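The structure file query10.cif is reproduced below (mmCIF, C-alpha atoms).
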data_work
#
loop_
_atom_site.label_atom_id
_atom_site.label_comp_id
_atom_site.auth_asym_id
_atom_site.auth_seq_id
_atom_site.Cartn_x
_atom_site.Cartn_y
_atom_site.Cartn_z
CA MET A 544 32.47 -14.36 17.85
CA CYS A 545 34.90 -14.58 14.97
CA THR A 546 35.64 -10.94 14.22
CA THR A 547 36.60 -11.65 10.64
CA CYS A 548 33.64 -13.58 9.40
CA GLY A 549 31.15 -12.61 12.08
CA CYS A 550 30.02 -16.17 12.68
CA GLY A 551 29.14 -17.43 16.13
CA GLU A 552 32.36 -19.34 16.69
CA ALA A 553 34.76 -17.90 19.23
CA ALA A 554 38.08 -16.66 17.89
CA GLY A 555 40.90 -18.91 19.07
CA GLY A 556 42.98 -16.52 21.12
CA ALA A 557 45.16 -13.57 20.25
CA GLY A 558 47.21 -13.27 17.08
CA PRO A 559 46.68 -12.16 13.54
CA ALA A 560 43.25 -11.13 12.36
CA HIS A 561 42.00 -14.61 11.65
CA ALA A 562 44.05 -16.98 13.78
CA HIS A 563 41.41 -19.56 14.61
CA VAL A 564 40.84 -22.55 12.43
CA HIS A 565 37.91 -22.24 10.08
CA PRO A 566 36.22 -25.55 9.54
CA GLU A 567 34.25 -25.94 6.31
CA GLN A 568 31.01 -25.55 8.18
CA HIS A 569 30.29 -23.95 11.53
CA ASP A 570 27.59 -25.80 13.39
CA GLY A 571 24.39 -23.82 13.52
CA SER A 572 25.80 -20.77 11.77
CA GLY A 573 24.16 -21.71 8.50
CA HIS A 574 27.05 -20.76 6.29
CA THR A 575 30.10 -22.34 4.79
CA HIS A 576 33.58 -20.93 4.43
CA LEU A 577 35.31 -21.57 1.18
CA PRO A 578 38.99 -21.02 0.62
CA GLY A 579 39.58 -17.92 -1.47
CA GLY A 580 42.97 -16.21 -1.88
CA SER A 581 44.13 -13.84 0.82
CA GLY A 582 40.66 -13.37 2.26
CA HIS A 583 37.93 -15.92 2.29
CA THR A 584 34.38 -16.44 1.14
CA VAL A 585 31.42 -16.58 3.49
CA VAL A 586 28.40 -18.29 1.99
CA LEU A 587 25.19 -16.55 3.09
CA GLN A 588 22.39 -17.76 0.77
CA GLN A 589 20.08 -15.16 2.29
CA LYS A 590 16.99 -13.67 0.68
CA VAL A 591 17.44 -9.93 0.24
CA LEU A 592 13.87 -9.30 1.35
CA ALA A 593 14.15 -11.64 4.35
CA ARG A 594 13.96 -8.82 6.88
CA ASN A 595 10.90 -7.28 5.26
CA ASP A 596 9.25 -10.71 5.02
CA ASP A 597 9.90 -11.35 8.74
CA LEU A 598 8.38 -7.99 9.69
CA ALA A 599 5.39 -8.69 7.41
CA LEU A 600 4.87 -12.00 9.19
CA ALA A 601 4.90 -10.18 12.53
CA ASN A 602 2.34 -7.65 11.23
CA ARG A 603 0.12 -10.48 10.03
CA ALA A 604 0.22 -12.12 13.47
CA TRP A 605 -0.46 -8.77 15.19
CA LEU A 606 -3.51 -8.21 12.95
CA ALA A 607 -4.80 -11.77 13.33
CA ALA A 608 -4.61 -11.54 17.12
CA ARG A 609 -6.99 -8.57 16.93
CA THR A 610 -9.17 -10.00 14.11
CA ILE A 611 -8.30 -6.97 12.00
CA SER A 612 -8.28 -7.28 8.21
CA ALA A 613 -5.69 -5.18 6.38
CA ILE A 614 -5.85 -4.39 2.69
CA ASN A 615 -2.86 -3.18 0.69
CA LEU A 616 -4.25 -0.66 -1.81
CA MET A 617 -1.99 -0.03 -4.77
CA SER A 618 -2.39 2.08 -7.89
CA SER A 619 -0.71 4.55 -10.17
CA PRO A 620 -1.01 8.21 -9.11
CA GLY A 621 -4.35 9.69 -10.09
CA ALA A 622 -6.34 6.44 -10.38
CA GLY A 623 -8.75 7.79 -7.79
CA LYS A 624 -7.46 5.84 -4.80
CA SER A 625 -8.12 8.56 -2.25
CA ALA A 626 -11.54 9.48 -3.65
CA LEU A 627 -12.55 5.83 -3.61
CA LEU A 628 -11.28 5.43 -0.08
CA GLU A 629 -13.11 8.56 1.11
CA ARG A 630 -16.35 7.25 -0.32
CA THR A 631 -15.77 3.75 1.08
CA VAL A 632 -15.08 5.17 4.54
CA ALA A 633 -18.23 7.32 4.41
CA ASP A 634 -20.44 4.47 3.15
CA LEU A 635 -19.10 1.65 5.35
CA GLY A 636 -17.98 3.53 8.43
CA ALA A 637 -21.34 3.39 10.18
CA ASP A 638 -21.44 -0.38 10.64
CA LEU A 639 -17.85 -1.49 9.99
CA PRO A 640 -15.02 0.31 11.79
CA VAL A 641 -12.46 1.49 9.24
CA ALA A 642 -8.98 2.95 9.75
CA VAL A 643 -6.46 4.05 7.17
CA ILE A 644 -2.69 4.16 6.81
CA GLU A 645 -1.74 6.68 4.13
CA GLY A 646 1.57 6.34 2.34
CA ASP A 647 2.79 9.27 0.27
CA GLN A 648 6.15 10.72 -0.54
CA GLU A 649 5.15 14.06 0.99
CA THR A 650 2.28 15.91 2.71
CA ALA A 651 -0.54 14.80 5.01
CA LEU A 652 -3.22 15.87 2.51
CA ASP A 653 -4.65 12.36 2.10
CA ALA A 654 -4.81 11.62 5.82
CA ASP A 655 -6.67 14.91 6.33
CA ARG A 656 -9.18 13.93 3.61
CA ILE A 657 -9.79 10.54 5.19
CA GLU A 658 -10.27 11.98 8.68
CA GLN A 659 -12.80 14.42 7.28
CA ALA A 660 -14.63 11.42 5.79
CA GLY A 661 -14.88 9.94 9.27
CA ALA A 662 -12.11 7.36 9.75
CA ARG A 663 -8.98 7.44 11.85
CA ALA A 664 -5.87 7.82 9.74
CA VAL A 665 -2.11 8.00 10.11
CA GLN A 666 0.19 9.33 7.45
CA ILE A 667 3.53 7.78 6.51
CA ASN A 668 5.71 10.06 4.39
CA THR A 669 8.21 7.89 2.61
CA GLY A 670 10.36 10.80 1.41
CA ALA A 671 12.56 9.38 -1.32
CA GLY A 672 10.93 5.93 -0.98
CA CYS A 673 8.68 4.70 -3.75
CA HIS A 674 6.80 2.10 -1.69
CA LEU A 675 5.75 1.20 1.83
CA ASP A 676 7.61 -1.55 3.65
CA ALA A 677 6.56 -3.87 6.45
CA GLY A 678 8.61 -1.98 9.06
CA ALA A 679 6.92 1.37 8.43
CA VAL A 680 3.49 -0.28 8.31
CA GLY A 681 4.14 -2.12 11.60
CA GLU A 682 4.94 1.18 13.34
CA ALA A 683 1.91 2.86 11.78
CA LEU A 684 -0.38 0.02 12.90
CA ARG A 685 0.75 0.41 16.49
CA ARG A 686 0.22 4.18 16.31
CA LEU A 687 -3.20 3.73 14.74
CA ASP A 688 -4.21 0.96 17.17
CA PRO A 689 -7.38 0.00 15.25
CA VAL A 690 -10.28 -1.51 17.19
CA PRO A 691 -10.62 -5.30 17.01
CA GLY A 692 -12.75 -6.49 14.12
CA SER A 693 -12.02 -3.43 12.01
CA LEU A 694 -10.85 -3.00 8.46
CA VAL A 695 -7.54 -1.25 7.83
CA PHE A 696 -6.76 0.18 4.42
CA ILE A 697 -3.07 0.67 3.71
CA GLU A 698 -2.87 3.20 0.89
CA ASN A 699 0.46 2.49 -0.75
CA VAL A 700 2.53 5.07 -2.64
CA GLY A 701 1.07 5.68 -6.12
CA ASN A 702 3.28 3.46 -8.26
CA LEU A 703 2.57 0.26 -10.24
CA VAL A 704 6.06 -1.20 -9.96
CA CYS A 705 7.79 -1.09 -6.58
CA PRO A 706 4.96 -1.81 -4.09
CA ALA A 707 4.34 -5.23 -5.71
CA LEU A 708 7.59 -6.52 -4.23
CA PHE A 709 7.03 -5.69 -0.59
CA ASP A 710 4.77 -7.80 1.59
CA LEU A 711 3.26 -5.58 4.29
CA GLY A 712 1.49 -8.34 6.22
CA GLU A 713 -1.81 -7.53 4.55
CA GLN A 714 -4.64 -10.00 4.14
CA ALA A 715 -5.48 -8.93 0.60
CA ARG A 716 -4.01 -6.84 -2.21
CA VAL A 717 -6.24 -4.55 -4.20
CA VAL A 718 -5.13 -2.65 -7.29
CA ILE A 719 -7.12 0.46 -8.16
CA ALA A 720 -6.88 1.15 -11.87
CA SER A 721 -8.87 3.62 -13.92
CA VAL A 722 -10.23 3.62 -17.45
CA THR A 723 -8.38 6.87 -18.19
CA GLU A 724 -5.04 5.04 -17.85
CA GLY A 725 -5.71 2.88 -20.91
CA ALA A 726 -6.53 -0.80 -21.33
CA ASP A 727 -2.93 -1.96 -21.71
CA LYS A 728 -1.90 -1.61 -18.06
CA PRO A 729 -2.25 -5.25 -16.92
CA LEU A 730 0.16 -6.40 -19.61
CA LYS A 731 2.55 -3.51 -18.99
CA TYR A 732 2.71 -4.09 -15.24
CA PRO A 733 2.21 -7.86 -14.97
CA GLN A 734 3.86 -8.21 -11.56
CA MET A 735 1.45 -5.75 -9.95
CA PHE A 736 -1.70 -7.19 -11.54
CA ARG A 737 -0.63 -10.78 -10.88
CA ALA A 738 -0.24 -9.96 -7.19
CA ALA A 739 -3.75 -8.51 -6.92
CA ASP A 740 -6.68 -10.31 -5.32
CA VAL A 741 -9.02 -7.64 -6.68
CA VAL A 742 -8.69 -5.02 -9.42
CA LEU A 743 -11.07 -2.11 -9.02
CA LEU A 744 -11.45 -0.47 -12.41
CA ASN A 745 -12.44 3.06 -11.46
CA LYS A 746 -13.89 6.06 -13.34
CA THR A 747 -16.22 3.90 -15.44
CA ASP A 748 -18.53 6.95 -15.61
CA LEU A 749 -16.04 8.35 -18.14
CA LEU A 750 -16.28 5.36 -20.53
CA PRO A 751 -18.59 7.15 -23.01
CA TYR A 752 -15.86 9.73 -23.63
CA LEU A 753 -12.92 7.34 -23.97
CA ASP A 754 -11.59 4.79 -26.41
CA PHE A 755 -11.20 2.12 -23.72
CA ASP A 756 -11.41 -1.54 -24.74
CA SER A 757 -13.16 -3.14 -21.75
CA VAL A 758 -13.30 -6.57 -23.39
CA ARG A 759 -9.56 -6.59 -23.97
CA TYR A 760 -8.88 -5.39 -20.42
CA GLU A 761 -10.96 -8.18 -18.93
CA ALA A 762 -9.44 -10.82 -21.22
CA ASP A 763 -5.87 -9.71 -20.55
CA LEU A 764 -6.38 -9.69 -16.80
CA ALA A 765 -8.08 -13.10 -16.85
CA ALA A 766 -5.22 -14.58 -18.88
CA LEU A 767 -2.52 -12.96 -16.75
CA SER A 768 -4.04 -13.65 -13.38
CA PRO A 769 -7.06 -15.98 -13.48
CA GLY A 770 -7.66 -15.73 -9.74
CA THR A 771 -8.01 -11.94 -9.70
CA LEU A 772 -11.50 -10.50 -9.33
CA LEU A 773 -12.25 -7.53 -11.61
CA LEU A 774 -14.77 -5.01 -10.27
CA PRO A 775 -15.57 -2.03 -12.52
CA VAL A 776 -16.76 0.89 -10.36
CA SER A 777 -17.14 4.64 -10.29
CA ALA A 778 -16.18 6.46 -7.11
CA ALA A 779 -17.70 9.62 -8.59
CA THR A 780 -21.21 8.28 -9.22
CA GLY A 781 -21.15 5.32 -6.82
CA ALA A 782 -21.92 2.86 -9.63
CA HIS A 783 -21.22 -0.77 -8.64
CA LEU A 784 -19.65 0.23 -5.33
CA PRO A 785 -22.00 -2.20 -3.53
CA ASP A 786 -20.03 -5.04 -5.22
CA TRP A 787 -16.86 -3.69 -3.64
CA TYR A 788 -18.52 -3.29 -0.26
CA ALA A 789 -19.87 -6.84 -0.42
CA TRP A 790 -16.36 -8.13 -1.07
CA LEU A 791 -15.01 -6.08 1.84
CA ARG A 792 -17.67 -7.39 4.21
CA ARG A 793 -16.81 -10.96 3.26
CA LEU A 794 -13.14 -10.27 3.92
CA ALA A 795 -13.63 -8.52 7.25
CA ALA A 796 -13.50 -10.93 10.13
CA PRO A 797 -16.98 -11.37 11.54
CA ILE A 798 -17.38 -10.04 15.05
CA PRO A 799 -18.46 -13.02 17.14
CA THR A 800 -21.97 -12.68 18.53
CA ARG A 801 -23.14 -14.35 21.69
CA MET B 1092 13.34 2.78 -8.25
CA HIS B 1093 12.83 0.20 -5.49
CA GLU B 1094 16.35 -0.95 -6.29
CA LEU B 1095 17.65 1.70 -3.88
CA ALA B 1096 15.69 0.06 -1.04
CA ILE B 1097 16.73 -3.39 -2.29
CA THR B 1098 20.40 -2.34 -2.29
CA GLU B 1099 20.04 -0.89 1.20
CA GLY B 1100 18.54 -4.25 2.19
CA VAL B 1101 21.61 -6.02 0.82
CA VAL B 1102 24.06 -3.76 2.67
CA ASP B 1103 22.05 -3.93 5.91
CA ALA B 1104 21.81 -7.72 5.77
CA VAL B 1105 25.55 -8.15 5.21
CA GLN B 1106 26.35 -5.63 7.95
CA GLN B 1107 24.10 -7.51 10.33
CA ARG B 1108 25.63 -10.91 9.54
CA LEU B 1109 29.25 -9.70 9.42
CA PRO B 1110 29.39 -6.52 11.49
CA ASP B 1111 33.14 -6.54 12.10
CA ALA B 1112 34.45 -7.87 8.81
CA THR B 1113 35.96 -5.84 5.99
CA VAL B 1114 33.83 -6.99 3.10
CA THR B 1115 35.65 -6.89 -0.23
CA CYS B 1116 33.09 -8.52 -2.50
CA VAL B 1117 29.34 -9.14 -2.44
CA ARG B 1118 27.76 -11.74 -4.70
CA LEU B 1119 24.08 -11.56 -5.57
CA GLU B 1120 21.80 -13.73 -7.61
CA ILE B 1121 19.02 -11.77 -9.30
CA GLY B 1122 16.52 -13.78 -11.32
CA PRO B 1123 14.99 -12.20 -14.42
CA LEU B 1124 11.51 -12.62 -12.87
CA SER B 1125 12.43 -11.05 -9.51
CA GLY B 1126 11.19 -7.60 -10.52
CA VAL B 1127 14.58 -6.11 -9.74
CA ALA B 1128 16.86 -4.58 -12.37
CA ALA B 1129 20.45 -5.69 -11.81
CA ASP B 1130 21.83 -2.56 -13.50
CA SER B 1131 19.98 -0.31 -11.07
CA VAL B 1132 21.38 -2.26 -8.11
CA ARG B 1133 24.88 -1.83 -9.59
CA PHE B 1134 24.21 1.89 -9.93
CA CYS B 1135 23.15 2.22 -6.28
CA PHE B 1136 25.62 -0.11 -4.62
CA ASP B 1137 28.72 2.09 -4.25
CA LEU B 1138 26.67 4.97 -2.84
CA VAL B 1139 24.84 2.79 -0.35
CA ALA B 1140 28.00 0.93 0.73
CA GLU B 1141 29.94 4.12 1.39
CA GLY B 1142 30.70 4.64 5.06
CA THR B 1143 29.94 1.00 5.94
CA ASN B 1144 32.16 -2.06 6.25
CA LEU B 1145 31.21 -2.81 2.64
CA SER B 1146 32.71 0.44 1.38
CA GLY B 1147 34.68 -0.14 -1.82
CA ALA B 1148 33.52 -3.75 -2.08
CA ARG B 1149 33.15 -5.29 -5.53
CA LEU B 1150 29.63 -6.29 -6.55
CA GLU B 1151 29.16 -9.45 -8.60
CA ILE B 1152 25.67 -10.19 -9.86
CA SER B 1153 24.76 -13.44 -11.53
CA GLU B 1154 21.52 -13.56 -13.49
CA PRO B 1155 20.66 -17.21 -14.06
CA PRO B 1156 17.97 -17.85 -16.68
CA ALA B 1157 14.40 -18.50 -15.57
CA ARG B 1158 12.43 -21.73 -15.99
CA CYS B 1159 8.66 -21.98 -15.99
CA ARG B 1160 6.08 -24.75 -16.35
CA CYS B 1161 2.79 -24.16 -18.10
CA HIS B 1162 -0.28 -25.12 -16.05
CA ARG B 1163 -2.32 -25.67 -19.19
CA CYS B 1164 -0.09 -27.89 -21.37
CA GLY B 1165 2.61 -28.95 -18.92
CA THR B 1166 5.51 -27.72 -21.08
CA GLU B 1167 8.65 -26.51 -19.34
CA PHE B 1168 10.14 -23.45 -20.98
CA ALA B 1169 12.56 -20.56 -20.57
CA PRO B 1170 10.63 -17.29 -20.70
CA ASP B 1171 12.21 -14.69 -22.96
CA GLY B 1172 11.17 -11.65 -20.94
CA PRO B 1173 10.03 -10.56 -17.50
CA PHE B 1174 6.55 -11.70 -18.44
CA PRO B 1175 6.37 -15.49 -18.83
CA MET B 1176 4.03 -16.81 -21.49
CA CYS B 1177 3.95 -20.37 -22.80
CA ARG B 1178 4.08 -21.04 -26.56
CA CYS B 1179 0.53 -22.41 -26.25
CA GLY B 1180 -0.56 -18.87 -25.36
CA SER B 1181 -1.19 -19.50 -21.67
CA MET B 1182 0.09 -17.10 -19.04
CA GLU B 1183 -0.91 -19.47 -16.25
CA VAL B 1184 2.56 -20.69 -15.43
CA ALA B 1185 4.48 -21.81 -12.39
CA VAL B 1186 7.87 -20.18 -11.93
CA LEU B 1187 10.32 -23.00 -11.22
CA CYS B 1188 13.28 -20.65 -10.86
CA GLY B 1189 14.13 -17.12 -11.85
CA ASP B 1190 12.33 -15.07 -9.21
CA GLN B 1191 15.13 -15.30 -6.67
CA LEU B 1192 16.77 -12.27 -5.07
CA THR B 1193 19.53 -13.69 -2.92
CA ILE B 1194 22.82 -12.69 -1.32
CA THR B 1195 24.75 -15.83 -2.18
CA SER B 1196 28.11 -15.06 -0.58
CA VAL B 1197 30.55 -12.36 0.38
CA GLU B 1198 34.30 -12.18 0.43
CA VAL B 1199 36.04 -10.79 3.47
CA ALA B 1200 39.61 -9.53 3.78
#
For the structure just supplied, provide its representation as C-alpha cells.
Amino acid sequence: MCTTCGCGEAAGGAGPAHAHVHPEQHDGSGHTHLPGGSGHTVVLQQKVLARNDDLALANRAWLAARTISAINLMSSPGAGKSALLERTVADLGADLPVAVIEGDQETALDADRIEQAGARAVQINTGAGCHLDAGAVGEALRRLDPVPGSLVFIENVGNLVCPALFDLGEQARVVIASVTEGADKPLKYPQMFRAADVVLLNKTDLLPYLDFDSVRYEADLAALSPGTLLLPVSAATGAHLPDWYAWLRRLAAPIPTR
Amino acid sequence: MHELAITEGVVDAVQQRLPDATVTCVRLEIGPLSGVAADSVRFCFDLVAEGTNLSGARLEISEPPARCRCHRCGTEFAPDGPFPMCRCGSMEVAVLCGDQLTITSVEVA
C-alpha cells in the first residue's frame, strides 16, 4: 500500500516518502490524485454518513431475515414517548411480541418502566450523544435478540433535530408530538416531520385547556409532508389508540400460518 | 449538536482511507439542506482531529447553493432557507442538489 496516500497501490521500493509514480487514477481505488504543491490531493468523494448507512443496511437485512419490524420512535423530551410505549406494550403484548431499545443520554429508568409493562428492553446510554446511530442499534438488537415476527420499538433520544439524520435500519419512522408543545412544530423542525411515516399527536385529552390550533397543525403537516399519516391520540385516556394499534398490526410482518 | 458525531465521522472516514498519511487539509461539501451546520463542524473539527493523523489539518468547507423542483408546478428554484418552498406555495418539492454531506478530497503532506 502507498503509505502516503493510503491507496491500494504498492509503493515502488525504498526512497523518499513518496517515491513511486502516482498515475492520475489508480485502478479500483476509486480516487484520483491531483497535483498540488509540496503535498498532493487525494479525491475521496465519500458520503460522511456512509458508514452509518452501511450499518443501517446491515440492520435492515438482519431484521428482514427474522421478519422483525423495527420502528424508530422520535420526539422532543416530554412528548409522552415512554408513557405511550408503556401503554402500547401493555395493550399489544398479549398477541404481538414487542421488544424495546431505549436510547437516553443517562439512566436506565425508561428500560425499567418498559420491562414492568411486560416487554423485553435494552437500554443504550448515549452519554454526550444526542441521537442513536446504526452501530449502537445493531449491537442492541443482537443483545435483545427479539423473537421472529415481533415488533421492535427503538426509542430514540428526545430531540427533534439530530435523530432525523441517522438511518438506524428501521422499517418505519414515527414522530411522537404533543399538543402541549404548540402547533408550530412541523414548520420549525421540517426535517424531522418530513422524515416521519406517522406523527402521533399525543395528549389530546388536554386540548380543552390549551390554545392549540389543530386545523393549522394538520394543514402544515399535510403541506410539508403529504405522505405522513397524522394520528391524534391520548396515552393517558387511551383515546384513538386503536388507530395506532391498527397501523402497527399492518406494519408487523404476518406470522405465516400453515 | 449532531455535528460532533458528523465531525467524528469525517475524521474516522479519512483515517480509515488514509491511515498512514499526514493529512494537511480536509475539504467538505455541506449542502444547505443537509441538516448540518457548517459552523458547528468548524467548531468541532480541531478538537476531534487532535491526536489523529489529521491533527492540525486545515478544514475547507464549500456550501454550494441548493436547487429544487416543485412537484406541483414544475418550476426549478433555489430555496432561500433550510426549508424549501416553491413560490406557488407548495412544499412538495424534489431536492435536485443541496442535501449532500461529502468529503470531497484531502491534501496529504
Discussion item. Take the PyMOL selection byres ((chain B and resi 1155) around 7), run it mentally on this structure, and tell me the resulting residues as a PyMOL selection string.
Written reply: chain B and resi 1122+1153-1154+1156-1157+1189
Item to complete: Check which residues satisfy the PyMOL selection byres ((chain B) within 10 of (chain A)) in the file shown, then give them as a PyMOL selection string.
Response: chain B and resi 1092-1121+1124-1127+1173-1176+1180-1184+1191-1200
Item to complete: Go through the shown structure with the PyMOL selection byres ((chain B and resi 1186) around 7) and write out the matching residues as a PyMOL selection string.
Response: chain B and resi 1158-1160+1184-1185+1187-1189
Worksheet item: Rounded to one decimal in Å, what is the spacing between atom CA of Asp748 of chain A and atom CA of Thr780 of chain A?
Response: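 Taking atom CA of Asp748 of chain A and atom CA of Thr780 of chain A, their separation equals 7.1 Å.
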Practice prompt. Rounded to one decimal place, report the atom CA of Ala599 of chain A-atom CA of Ile719 of chain A distance in Å.
Written response: 22.0 Å
Fill in: segment 604-609 of chain A surroundings by only C-alpha atoms, 12 Å radius, close-in-sequence under 2 positions cut, as a ChimeraX atom specification
/A:597-602,611-614,680-682,684-685,688-695,711-714,795-798
Worksheet item: Between atom CA of Glu761 of chain A and atom CA of Leu773 of chain A, what is the distance, to one decimal in Å?
Response: 7.5 Å
Once you add 4 Å to each side, what are the centre and edge lengths of the axis-aligned box holding all listed atoms of segment 700-712 of chain A? One decimal in Å, as AutoDock Vina command-line options, if you can.
--center_x 4.4 --center_y -1.3 --center_z -2.0 --size_x 14.7 --size_y 22.0 --size_z 24.5
Worksheet item: Which one is closest to Asp655 of chain A: A:Ala677, A:Ser625, A:Leu794, A:Pro620? Count only C-alpha atoms.
Response: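 The closest residue to Asp655 of chain A is A:Ser625.
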